[in-house]
Amino acid sequence: MILEYCRLRYYEKTHDEILAMVQEHITEDVKFIVSEMLSLFYDFLHREPYYYWDREVFQQTTASLESLSDNYYGELNVTEDILEHFFLGLNTYKQTADVINDLRQVNDSPEIKTRLYRIPTYISIVEGCLSNLFRVITLLLDQTTTKNYKAQNKLDPLCTILRNNDFELLVRDVNVDVRNAINHGGVVYKIVDGGPVIEFQYIKNREYQILRMPIYEFDRLIDKVFDAASAVILGLVTFFNSHKSLFEINLKEKLFIPFSLLALELSIPDARCRSISSLSNAKQLNVDMYIKNTDSGYINQMAIMISLMVYDRYSDYDQYMISFSSERLQSSWIRFTNTEVSQMLLSTRSFERVLNQAIDRGDYVVWPPSTEEVDLNEIKYFRFPNYKNESFSINHIEDASLPDRKRLKGHLYIGDIDKREEIIEIIRNGIDWIKNLKNAPSPTFHVKNGEMEADSIYLNVYRKDTRKNKATIPSNDNFVCKVDYNIDGKTTLKYGGIGEYIWNQLSRETVGNMLIAWNNSIYRKITKNKIGRNDLCSCGSGKKYKKCCLV
C-alpha cells in the first residue's frame, strides 16, 4: 500500500532510535512512542535549552498524572479544551526557547537586557506557558472532583490547586509577586552597593511592597521556571503518549487542535511541521515545513509523502501546498491538485509524472540552497549603527543588496532646515557616512557584502523622527524627499520603489549621482536638461523623458 510505504519511508529508523534514548535518559516506563510525540521526545533529549528539564518536576508530573488516572473510578478524557491549553503553552514555550537561545548571550547593557530580554522572557514563561500548562492539569483534576476547578484560570489560584493536589513541585519556583510587579506594579533597574539589582514594586494585602533582586538571581529564577516548564511539558507528553486513547477529538475537523496534532505527526527530527492551515475559502490546505536537508531531490520526496499523509486525513481540498524553508534556503513550495494526490495514492499515476505536472504549470518553486561560507551567528546578531550630530540623524538602516550591487537604505532626519542647498549638503554627508558601513552576507542567497563602498544608497528624508508621519506621500508634511544615490549614476529602482502613482506626484531632479524626488517643488532647481525628449528618463521610470520628468 502506497500510504503505508510512505509512512515507513518518512519515519524510517527514527522511532526505534528515539524510543531507546527515551528509555535510557528519560524513563523506562515509555514502551512505545506515538507519531505525534516523536519530535517532542527528541527535543527534550537533544535540543538546548529543552534538555535542562527539571527531573524532580518531571517525575512528580508523570507520577501524579498516572495516579490520577489509576485511582479515578471513571475514565479521564483529554478534551479539546485540555489540548488547546496544551498547544498554547507549547507554542509559547517554543518561542521562548528561541528567545533564550538568541538573546541570553547578547552583550547589551544590563539595563537594556533587563528590559528587552529578562522581563518579557519571565512573563512569557509564567503567563504564556506555565499558566496554560497548569490549566491542562486542573482541567484533568476537575474531572475527578466536585470542586469547580474548571472556573479557575488565574495564576495564583492555579498554583494553589496544584499545591493541594500533589503537584507542589511544579509551582515551587513561580514567584507570583514578581509577576504582579511586572504586570501591575513597577520594575526599576538600580545600582545598589556597587552592583546591579532589579527592584520589583507591587501591592500585596493593600500594602506597597518592594522586592530587590540581584540580576544574577533573576537570571537564575528565569532558568528555574523555564526548566520547570520543560519538565511539565515533558511530563504531559509522556502521559499523552501512554493515553492517546483518552483523546476526545474529531481528527477530521478543520480546526486548531486537529491541525496542531497533524503538524506534530508530520514532525521528525530533521523536518518540522510548523503549521497547518487552510485558506478562507477552504479550497487549499497549506503545510509549512522547516527542514535541515535542502537537497531538491529530498524536498521533492518530502512533498509527495506529506501530501499523501495529509490527503489521508483531509481528502476534500482542491489543492495541497507544501512549503519548505531553512536558514540556508529561500522559501520554496510545491503544490499538488486533489486529483494528482488521489492518483498517486491509487498508483494510477507515478510520483515523477505528478511532480513534472506541477513543474510545468508553475506550481513548483524550489530554490537552490546557499552554499556560501557564512557565519550564521554573525548574520543573526548583526546590527547597523545609528548616527546623530547637531545637524541631522540617521536610523532604520536596512540592507537591500543584490549579488552584484551593495545597496543600503535608511531614514534621514533634517529638522527645521529649509534651505535647498543645506538640505542637499546634509543628504551628501548622510550618504558619505552610510556608504562606508559594512553589511552582512545573506544566509539564503549570495549578495555583495562587506566593507567596500556601497553602490547605491536609498534615503527617505523627513523633518522629525516621530512614531507616525513616515509615509512617503505628498500629503505628509513631515516627508521631505526620497533620494536615490548610485555610484555610477544609474538607478536600479523603478518609480523610486514607491509605485508609479505617487512617484509621478513628486518633483524630481538629478543632482550629481543623486536622483532626488522632492515632496515640495520649491526645492527643485530647474536647469537645462541635455536628455532628448524621446530618451529614457534618468529617474528610472522606464518612460520617455517627454512623458515623465519633462512634464
# chains A, B, ... in the order shown; residues from 1 in each chain; ligands from 1
$ select_by_dssp --residues "stretch 9-236 of chain A" --states "strand (DSSP E or B)" --output "number ranges by chain"
A: 78, 186-192, 195-204, 207-214
$ select_by_dssp --residues "stretch 383-551 of chain A" --states "alpha helix (DSSP H)" --output "compact mmCIF listing (two decimals) with C-alpha atoms, in the first residue's frame"
# COMPACT_ATOMS: atom_id res chain seq x y z
CA ARG A 420 17.68 73.74 -0.57
CA GLU A 421 21.49 73.78 -0.63
CA GLU A 422 21.71 73.00 3.09
CA ILE A 423 19.36 70.05 2.68
CA ILE A 424 21.38 68.71 -0.24
CA GLU A 425 24.61 69.10 1.71
CA ILE A 426 23.14 67.15 4.63
CA ILE A 427 21.98 64.42 2.22
CA ARG A 428 25.54 64.20 0.84
CA ASN A 429 27.00 63.95 4.35
CA GLY A 430 24.47 61.28 5.27
CA ILE A 431 25.34 59.27 2.17
CA ASP A 432 29.08 59.62 2.90
CA TRP A 433 28.50 58.09 6.35
CA ILE A 434 26.20 55.28 5.22
CA GLU A 500 4.16 54.99 -10.25
CA TYR A 501 1.14 56.96 -8.99
CA ILE A 502 2.91 58.53 -6.00
CA TRP A 503 6.24 58.80 -7.83
$ closest_residue --among "A:Asn436, A:Thr27, A:Asn91, A:Gln330" --to "A:Thr238" --atoms "only C-alpha atoms"
A:Thr27
$ atom_distance --atom1 "atom CA of A:Phe200" --atom2 "atom CA of A:Ile182"
7.3 Å
$ residues_around --residues "stretch 120-134 of chain A" --least-positions-apart "2" --cutoff "8 Å" --atoms "only C-alpha atoms" --output "MDAnalysis selection string"
chainID A and resid 85:86 88:93 96 99:100 115:118 136:138 153:155 158:159 162 174 179 182 222 225:226 229 232:233
$ atom_distance --atom1 "atom CA of A:Pro474" --atom2 "atom CA of A:Arg407"
25.3 Å
$ closest_residue --among "A:Val447, A:Trp518, A:Leu141, A:Thr510" --to "A:Val461" --atoms "only C-alpha atoms"
A:Trp518
$ closest_residue --among "A:Lys490, A:Lys13, A:Lys380, A:Lys252" --to "A:Asp312" --atoms "only C-alpha atoms"
A:Lys252
$ closest_residue --among "A:Ser39, A:Thr61, A:Tyr189, A:His411" --to "A:Glu111" --atoms "only C-alpha atoms"
A:Tyr189
$ closest_residue --among "A:Thr62, A:Tyr10, A:Arg47, A:Gly74" --to "A:Leu246" --atoms "only C-alpha atoms"
A:Gly74
$ closest_residue --among "A:Leu329, A:Ile33, A:Leu506, A:Ile119" --to "A:Asn183" --atoms "only C-alpha atoms"
A:Ile119
$ atom_distance --atom1 "atom CA of A:Pro369" --atom2 "atom CA of A:Gln284"
26.7 Å
